[in-house]
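Source file: query.txt. Holds: compact mmCIF, C-alpha atoms.
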```
# COMPACT_ATOMS: atom_id res chain seq x y z
CA MET A 1 92.40 194.29 -14.61
CA ASN A 2 93.57 192.33 -17.62
CA PRO A 3 96.01 189.43 -17.02
CA GLU A 4 97.92 190.42 -20.16
CA LEU A 5 98.92 193.73 -18.57
CA TYR A 6 102.01 192.29 -16.99
CA ASN A 7 104.57 189.74 -17.96
CA PRO A 8 104.45 186.51 -15.88
CA VAL A 9 108.26 186.60 -15.64
CA TRP A 10 107.97 189.78 -13.59
CA VAL A 11 105.29 188.38 -11.34
CA ILE A 12 107.39 185.28 -10.67
CA THR A 13 110.61 187.26 -10.13
CA LEU A 14 108.95 189.63 -7.64
CA ALA A 15 107.25 186.73 -5.82
CA ALA A 16 110.60 184.96 -5.57
CA ALA A 17 112.31 188.12 -4.32
CA VAL A 18 109.84 188.74 -1.48
CA SER A 19 110.00 185.06 -0.55
CA TYR A 20 113.77 185.07 -0.37
CA ALA A 21 113.69 188.35 1.56
CA SER A 22 111.98 186.51 4.43
CA ARG A 23 114.55 183.72 4.33
CA GLY A 24 117.48 186.14 4.19
CA LEU A 25 116.11 188.30 6.98
CA GLY A 26 115.61 185.13 9.00
CA VAL A 27 119.30 184.30 8.59
CA ALA A 28 120.31 187.81 9.63
CA LEU A 29 118.05 187.70 12.68
CA SER A 30 118.82 184.10 13.68
CA GLY A 31 119.63 183.87 17.33
CA LYS A 32 118.25 187.37 17.94
CA LEU A 33 114.62 186.59 17.26
CA ASN A 34 112.50 184.95 19.94
CA PRO A 35 110.66 182.15 18.10
CA GLU A 36 107.94 182.26 20.75
CA GLY A 37 107.68 186.04 20.65
CA SER A 38 104.68 188.16 19.77
CA VAL A 39 105.91 189.23 16.33
CA VAL A 40 106.45 185.65 15.18
CA GLU A 41 103.03 184.70 16.55
CA TRP A 42 101.46 187.56 14.57
CA ILE A 43 103.20 186.45 11.35
CA THR A 44 101.93 182.92 11.94
CA CYS A 45 98.35 184.11 12.53
CA VAL A 46 98.36 186.24 9.36
CA THR A 47 99.74 183.34 7.32
CA TYR A 48 97.19 180.89 8.73
CA ALA A 49 94.26 183.24 8.15
CA LEU A 50 95.39 184.07 4.63
CA MET A 51 95.94 180.42 3.73
CA ALA A 52 92.64 179.33 5.27
CA GLY A 53 90.83 182.03 3.30
CA MET A 54 92.60 180.93 0.11
CA VAL A 55 91.90 177.22 0.62
CA VAL A 56 88.20 177.71 1.35
CA ARG A 57 87.90 180.01 -1.63
CA MET A 58 89.72 177.52 -3.93
CA LEU A 59 87.33 174.76 -2.83
CA ALA A 60 84.08 176.73 -2.65
CA LEU A 61 84.56 179.27 -5.46
CA PRO A 62 87.25 177.84 -7.77
CA ILE A 63 88.57 179.89 -10.67
CA GLY A 64 90.64 177.32 -12.62
CA ALA A 65 89.94 173.84 -13.94
CA LEU A 66 87.85 172.97 -10.88
CA VAL A 67 85.12 175.22 -12.33
CA HIS A 68 84.22 172.08 -14.34
CA THR A 69 83.24 170.24 -11.16
CA PRO A 70 79.80 170.72 -9.57
CA ASP A 71 79.83 172.09 -6.02
CA TRP A 72 78.49 168.86 -4.52
CA VAL A 73 81.34 166.84 -6.08
CA ARG A 74 83.99 169.00 -4.42
CA PHE A 75 82.04 168.95 -1.18
CA ILE A 76 81.77 165.13 -1.10
CA ALA A 77 85.43 164.74 -2.10
CA VAL A 78 86.49 167.03 0.76
CA LEU A 79 84.32 165.02 3.17
CA VAL A 80 85.92 161.75 2.01
CA GLY A 81 89.37 163.28 2.43
CA LEU A 82 88.46 164.47 5.94
CA LEU A 83 87.00 161.11 6.89
CA VAL A 84 90.07 159.13 5.81
CA PHE A 85 92.34 161.74 7.40
CA PHE A 86 90.66 161.35 10.80
CA ILE A 87 90.26 157.55 10.57
CA ILE A 88 93.95 157.00 9.74
CA ARG A 89 95.18 159.02 12.74
CA LYS A 90 95.42 162.40 11.02
CA ASN A 91 97.42 161.09 8.07
CA VAL A 92 97.63 163.98 5.59
CA GLY A 93 98.90 161.87 2.68
CA ALA A 94 96.11 159.29 3.01
CA GLY A 95 93.45 162.01 3.25
CA VAL A 96 94.73 163.85 0.16
CA LEU A 97 94.98 160.62 -1.84
CA ALA A 98 91.47 159.50 -0.86
CA GLY A 99 89.84 162.88 -1.52
CA SER A 100 91.52 163.41 -4.89
CA LEU A 101 90.84 159.87 -6.10
CA PHE A 102 87.22 160.19 -5.04
CA LEU A 103 86.86 163.43 -6.97
CA MET A 104 88.33 161.67 -10.01
CA PHE A 105 85.89 158.77 -9.52
CA LEU A 106 82.88 161.10 -9.26
CA MET A 107 83.89 163.00 -12.40
CA TRP A 108 84.63 159.93 -14.56
CA MET B 109 112.73 156.12 22.12
CA THR B 110 113.52 158.72 19.49
CA SER B 111 117.19 158.69 20.37
CA LEU B 112 117.32 154.97 19.52
CA MET B 113 115.90 155.68 16.09
CA THR B 114 118.10 158.71 15.41
CA PRO B 115 120.60 158.22 12.62
CA LYS B 116 124.17 158.75 13.75
CA TYR B 117 126.71 159.17 11.00
CA ALA B 118 130.35 158.10 10.84
CA THR B 119 131.45 160.93 8.54
CA VAL B 120 130.27 164.29 7.27
CA LYS B 121 129.69 162.71 3.88
CA SER B 122 127.44 160.03 5.31
CA ALA B 123 125.49 162.73 7.17
CA PHE B 124 124.77 164.32 3.78
CA TRP B 125 123.56 161.03 2.34
CA GLY B 126 121.65 160.38 5.54
CA GLY B 127 119.74 163.60 4.89
CA VAL B 128 119.08 162.52 1.31
CA ARG B 129 117.77 159.13 2.46
CA GLU B 130 115.60 160.64 5.15
CA ALA B 131 113.97 163.01 2.65
CA ALA B 132 113.55 160.29 0.01
CA SER B 133 110.50 158.70 1.60
CA VAL B 134 107.30 160.30 2.92
CA PRO B 135 108.50 163.95 2.65
CA MET B 136 109.38 163.48 -1.03
CA LEU B 137 106.05 161.78 -1.77
CA ILE B 138 103.93 164.45 -0.13
CA MET B 139 105.92 167.34 -1.54
CA GLY B 140 106.03 165.63 -4.92
CA ALA B 141 102.25 165.30 -4.98
CA SER B 142 101.76 168.97 -4.24
CA PHE B 143 104.22 170.07 -6.93
CA LEU B 144 102.49 167.65 -9.30
CA GLY B 145 99.26 169.50 -8.54
CA PHE B 146 101.02 172.83 -8.97
CA GLY B 147 102.34 171.83 -12.40
CA SER B 148 98.80 170.96 -13.48
CA MET B 149 97.58 174.27 -12.13
CA ILE B 150 100.16 176.23 -14.16
CA LYS B 151 99.14 174.34 -17.29
CA ASP B 152 95.55 175.19 -16.42
CA ILE B 153 96.26 178.95 -16.39
CA ASN B 154 98.09 178.68 -19.72
CA TRP B 155 101.58 179.59 -18.58
CA SER B 156 104.51 177.87 -20.28
CA ILE B 157 106.40 174.97 -18.73
CA SER B 158 109.54 177.11 -18.37
CA LEU B 159 107.57 179.58 -16.23
CA ALA B 160 106.41 176.65 -14.11
CA ILE B 161 110.00 175.49 -13.57
CA PHE B 162 111.21 179.06 -13.04
CA THR B 163 108.77 179.77 -10.21
CA THR B 164 109.43 176.43 -8.53
CA LEU B 165 113.21 176.96 -8.54
CA SER B 166 113.15 180.67 -7.68
CA THR B 167 110.46 180.77 -4.99
CA TRP B 168 110.39 177.16 -3.77
CA ALA B 169 107.59 177.71 -1.27
CA LEU B 170 104.39 176.29 -2.65
CA PRO B 171 101.61 178.19 -0.82
CA GLY B 172 102.99 181.48 -2.09
CA GLN B 173 103.38 180.07 -5.60
CA ILE B 174 99.76 178.91 -5.61
CA ALA B 175 98.51 182.28 -4.42
CA MET B 176 100.62 183.98 -7.09
CA ALA B 177 99.33 181.75 -9.88
CA GLU B 178 95.69 182.05 -8.78
CA MET B 179 95.90 185.82 -8.46
CA ALA B 180 97.77 186.31 -11.73
CA ALA B 181 95.22 184.11 -13.50
CA SER B 182 92.37 186.25 -12.22
CA GLY B 183 94.23 189.44 -13.12
CA ALA B 184 94.93 190.85 -9.67
CA PRO B 185 97.20 193.92 -9.56
CA LEU B 186 100.90 193.22 -9.18
CA LEU B 187 101.05 194.96 -5.80
CA ALA B 188 98.29 192.75 -4.40
CA ILE B 189 100.13 189.64 -5.59
CA VAL B 190 103.46 190.70 -4.13
CA LEU B 191 101.85 191.59 -0.78
CA ALA B 192 99.91 188.33 -0.58
CA VAL B 193 102.99 186.24 -1.43
CA GLY B 194 105.03 188.32 1.01
CA PHE B 195 102.58 187.70 3.84
CA ILE B 196 102.24 184.00 3.10
CA ASN B 197 105.98 183.48 2.91
CA ALA B 198 106.77 185.72 5.88
CA ARG B 199 106.62 182.49 7.89
CA LEU B 200 109.94 181.61 6.23
CA LEU B 201 111.55 184.32 8.37
CA PRO B 202 110.99 182.65 11.77
CA MET B 203 111.65 179.28 10.13
CA SER B 204 115.14 180.29 8.94
CA ALA B 205 115.81 182.18 12.15
CA THR B 206 115.07 179.10 14.28
CA LEU B 207 116.74 176.52 12.06
CA LEU B 208 120.03 178.27 11.35
CA PRO B 209 121.45 178.44 14.88
CA HIS B 210 121.39 174.62 14.80
CA VAL B 211 123.64 174.30 11.76
CA ARG B 212 126.21 177.02 12.53
CA HIS B 213 129.78 175.71 12.51
CA PRO B 214 133.12 177.55 12.18
CA ARG B 215 134.08 175.60 9.03
CA PHE B 216 131.36 177.35 6.98
CA PRO B 217 131.68 181.00 5.82
CA GLY B 218 128.88 183.43 6.69
CA TRP B 219 127.46 183.58 3.15
CA ALA B 220 126.93 179.83 3.15
CA TYR B 221 123.98 180.28 5.49
CA TYR B 222 122.34 182.69 3.06
CA GLY B 223 122.67 180.00 0.40
CA VAL B 224 121.32 177.19 2.52
CA ALA B 225 118.38 179.44 3.52
CA MET B 226 117.00 178.81 0.02
CA LEU B 227 116.50 175.18 1.03
CA ILE B 228 114.27 176.12 3.94
CA ALA B 229 110.57 175.60 3.32
CA ALA B 230 107.79 173.98 5.34
CA THR B 231 108.64 170.35 4.55
CA SER B 232 112.40 170.62 4.99
CA TRP B 233 112.00 172.72 8.13
CA VAL B 234 109.76 170.22 9.92
CA GLY B 235 111.76 167.26 8.66
CA THR B 236 115.22 168.47 9.67
CA LEU B 237 114.48 170.42 12.85
CA ARG B 238 113.45 167.28 14.73
CA ARG B 239 116.65 165.43 13.70
CA LEU B 240 119.28 168.17 14.02
CA PRO B 241 119.54 168.31 17.83
CA ASP B 242 120.71 164.67 17.90
CA LEU B 243 123.46 165.08 15.30
CA ARG B 244 127.09 166.03 15.87
CA GLN B 245 127.63 169.75 15.24
CA ASP B 246 129.75 169.35 12.06
CA GLN B 247 127.20 166.93 10.58
CA LYS B 248 124.14 169.16 10.90
CA MET B 249 124.78 171.38 7.88
CA PRO B 250 125.53 168.40 5.58
CA PHE B 251 122.37 166.68 6.80
CA LEU B 252 120.28 169.77 6.05
CA LEU B 253 121.97 170.12 2.64
CA GLY B 254 121.26 166.52 1.72
CA TYR B 255 117.67 166.73 2.90
CA GLY B 256 116.92 170.10 1.32
CA LEU B 257 118.77 169.52 -1.97
CA LEU B 258 116.93 166.31 -2.72
CA LEU B 259 113.56 168.00 -2.23
CA TYR B 260 114.70 171.14 -4.08
CA CYS B 261 116.01 169.19 -7.07
CA GLY B 262 113.00 166.89 -7.10
CA SER B 263 110.39 169.64 -7.10
CA PRO B 264 110.93 170.93 -10.70
CA LEU B 265 110.69 167.32 -11.92
CA PHE B 266 107.32 166.88 -10.22
CA THR B 267 106.22 170.29 -11.50
CA MET B 268 107.08 169.22 -15.07
CA ALA B 269 105.36 165.87 -14.61
CA GLY B 270 102.19 167.56 -13.38
CA TYR B 271 102.32 170.01 -16.27
CA TRP B 272 102.68 167.28 -18.89
CA LEU B 273 100.19 164.93 -17.26
CA SER B 274 97.38 167.45 -17.16
CA GLY B 275 97.61 167.93 -20.91
CA SER B 276 97.62 164.24 -21.80
CA VAL B 277 95.34 162.48 -19.33
CA PRO B 278 91.52 162.45 -19.20
CA LEU B 279 89.95 165.53 -17.59
CA PRO B 280 88.99 163.78 -14.30
CA VAL B 281 92.67 162.99 -13.66
CA THR B 282 93.63 166.63 -14.27
CA LEU B 283 90.86 167.72 -11.89
CA ALA B 284 92.17 165.33 -9.23
CA LEU B 285 95.68 166.77 -9.67
CA VAL B 286 94.45 170.34 -9.31
CA PHE B 287 92.39 169.27 -6.29
CA ILE B 288 95.49 167.99 -4.43
CA ASN B 289 96.73 171.33 -3.12
CA PRO B 290 93.67 172.91 -1.53
CA LEU B 291 92.92 169.58 0.14
CA TYR B 292 96.52 169.14 1.23
CA PHE B 293 96.72 172.56 2.88
CA MET B 294 93.36 172.11 4.56
CA LEU B 295 94.43 168.81 6.16
CA LEU B 296 97.81 170.24 7.07
CA PHE B 297 96.04 172.94 9.09
CA LEU B 298 93.76 170.44 10.80
CA GLN B 299 96.77 168.35 11.77
CA ASP B 300 98.50 171.25 13.43
CA LEU B 301 95.66 173.01 15.29
CA LYS B 302 96.45 173.17 18.99
CA ASP B 303 97.25 176.81 19.64
CA PRO B 304 94.05 178.91 20.19
CA GLY B 305 95.46 181.83 18.19
CA ARG B 306 96.01 179.63 15.14
CA ILE B 307 92.58 178.01 15.46
CA LEU B 308 90.97 181.47 15.51
CA ALA B 309 93.11 182.60 12.57
CA VAL B 310 91.99 179.62 10.48
CA LEU B 311 88.33 180.09 11.45
CA PHE B 312 88.29 183.84 10.78
CA GLY B 313 90.23 183.38 7.56
CA ALA B 314 87.92 180.61 6.34
CA VAL B 315 84.89 182.88 6.88
CA LEU B 316 86.41 186.13 5.68
CA GLY B 317 88.19 184.67 2.62
CA PRO B 318 85.11 183.84 0.50
CA ILE B 319 83.26 186.98 1.68
CA THR B 320 86.03 189.39 0.74
CA PHE B 321 86.52 187.47 -2.52
CA LEU B 322 82.99 188.42 -3.58
CA TYR B 323 83.59 192.10 -2.84
CA SER B 324 87.23 192.50 -3.77
CA PRO B 325 88.65 189.50 -5.65
CA ASP B 326 91.96 191.32 -6.18
CA TRP B 327 92.68 192.12 -2.56
CA THR B 328 90.86 189.26 -0.84
CA LEU B 329 93.99 187.46 0.36
CA VAL B 330 95.77 190.53 1.69
CA ILE B 331 92.64 191.77 3.51
CA THR B 332 91.77 188.31 4.86
CA GLY B 333 95.29 187.69 6.13
CA LEU B 334 95.73 191.07 7.78
CA VAL B 335 92.25 191.47 9.27
CA ALA B 336 91.50 187.87 10.30
CA GLY B 337 95.10 187.15 11.31
CA THR B 338 95.54 190.30 13.38
CA LEU B 339 92.16 189.83 15.07
CA ALA B 340 93.01 186.21 15.95
CA TRP B 341 96.42 187.25 17.25
CA TYR B 342 94.90 190.03 19.33
CA LEU B 343 92.19 187.80 20.84
CA ASP B 344 94.80 185.14 21.56
CA GLY B 345 96.81 187.74 23.48
CA VAL B 346 93.72 188.76 25.46
CA LEU B 347 92.93 185.10 26.24
CA LYS B 348 96.49 184.42 27.36
CA ALA B 349 96.59 187.54 29.52
CA ARG B 350 93.31 186.57 31.19
CA ARG B 351 94.53 183.03 31.83
CA GLY B 352 97.74 184.49 33.25
CA THR B 353 95.89 186.71 35.75
CA ASP B 354 93.58 183.81 36.73
CA GLU B 355 96.52 181.63 37.60
CA SER B 356 98.36 184.21 39.72
```
Give the structure from the file, written as structure tokens.
Amino acid sequence: MNPELYNPVWVITLAAAVSYASRGLGVALSGKLNPEGSVVEWITCVTYALMAGMVVRMLALPIGALVHTPDWVRFIAVLVGLLVFFIIRKNVGAGVLAGSLFLMFLMW
Amino acid sequence: MTSLMTPKYATVKSAFWGGVREAASVPMLIMGASFLGFGSMIKDINWSISLAIFTTLSTWALPGQIAMAEMAASGAPLLAIVLAVGFINARLLPMSATLLPHVRHPRFPGWAYYGVAMLIAATSWVGTLRRLPDLRQDQKMPFLLGYGLLLYCGSPLFTMAGYWLSGSVPLPVTLALVFINPLYFMLLFLQDLKDPGRILAVLFGAVLGPITFLYSPDWTLVITGLVAGTLAWYLDGVLKARRGTDES
């Protein structure tokens, strides 16, 4: 399918509408929904699986600017990020900073 | 220990500013970095800066925005995009549903909660939910407003900065900016993995995502989420049931 077939404004508006629908429904259901219930757990699992699939795909088979980086560069940068993350007691910020800076360093 | 560190506010107004101050440190930095990366990504797919600002202000939930931009850039059908964003952001439903009972107070009209729901996203949810129980009832809503509004108002600025930066800095810097988000979400998952159902969901998703991408790039996210997520959820239920019968 060609990206020019639809207007980005529509894509963004629809994405915003479905996102707000979840928030609004959450308000309407607040107090009635069991946060530990099975439905919420299912939503969480679907989100986690979808995000994990997206993240791995973005890193392993990028489609944007990261196409300009060789696979081994992204791989090493992820490893550096992971290493720093685990060394500094699971600090997300430090891991992201280290991994991104290392990618920049490798590509310079 | 936490109760000693909990901010207690003299007035409703200072609760608002307390929320602003609390958000103005680590949460703002982390969220800022990811919107910086998002801005660069939008520049990368050749959308205008106004579209970048529009999606940040109208959706204000980054994982869904990233999925949308990636899918639109690769020309996925509109329905696939809407479903993927819908599934990713469905987690906002339990988030709002669990946060709102904390801030309810007779002085606010019912519609106010639908407005404040816009300020609920992963960062603000985590950041406020751990503070709210220790605040006086009339100060909770102002605290959430202060916390959420600072992040909400800051995010278009970071989006713009990322957009401009990626056009004017050397390519390696742009690549580092675009690299921020996948890395950020990966580490965020690793930080939070305790529940067996979620661990399985991440594992199945990580395997299924690239595979389905090769066969159906348009529908990869929707298929991965539904199949891997439902399987993980089902197996988690089986595991829990078995543990339950073992214990009894």
With all atoms listed in the file as the atoms that count, which of B:Pro250, B:Gly183, B:Gly145, B:Gly313 lies nearest to Lys121 of chain B?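 Checking each candidate against Lys121 of chain B, we get B:Pro250 as the closest.
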Find the distance between atom CA of Arg351 of chain B and atom CA of Thr332 of chain B and write it in Å to one decimal.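 It comes out at 27.6 Å.
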For atom CA of Met136 of chain B and atom CA of Leu258 of chain B, determine how far apart the two atoms are, in Å to one decimal place.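 Pair atom CA of Met136 of chain B / atom CA of Leu258 of chain B returns 8.2 Å.
Take the candidates B:Leu295, B:Leu137, B:Ala220, B:Leu252 and check each one against Ala52 of chain A using all atoms listed in the file; the shortest distance goes to B:Leu295.
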Compute the set of chain A residues within 7 Å of chain B, using all atoms listed in the file, and express it as a PyMOL selection string. chain A and resi 1-3+11-12+14-16+18-19+22-27+29-31+33+35+40+42-50+52-59+64-66+78+90+92-93+96+100-101+103-104+107-108
Put the listed atoms of segment 83-91 of chain A in a box along x, y and z with 6 Å added on every side and give me the centre and edge lengths in Å to one decimal, as AutoDock Vina command-line options.
```
--center_x 92.2 --center_y 159.7 --center_z 9.3 --size_x 22.4 --size_y 17.4 --size_z 18.9
```
Pairwise distance for atom CA of Thr267 of chain B and atom CA of Ser232 of chain B, rounded to one decimal in Å: 17.6 Å
Just want the 12 Å neighbourhood of segment 115-120 of chain B, counted on only C-alpha atoms, with same-chain residues fewer than 5 positions away dropped. Output as a list of chain:residue names. B:Thr110, B:Trp125, B:Gly126, B:Gly127, B:Arg129, B:Glu130, B:Thr236, B:Arg238, B:Arg239, B:Leu240, B:Pro241, B:Asp242, B:Leu243, B:Arg244, B:Gln245, B:Asp246, B:Gln247, B:Lys248, B:Met249, B:Pro250, B:Phe251, B:Leu252, B:Leu253, B:Gly254
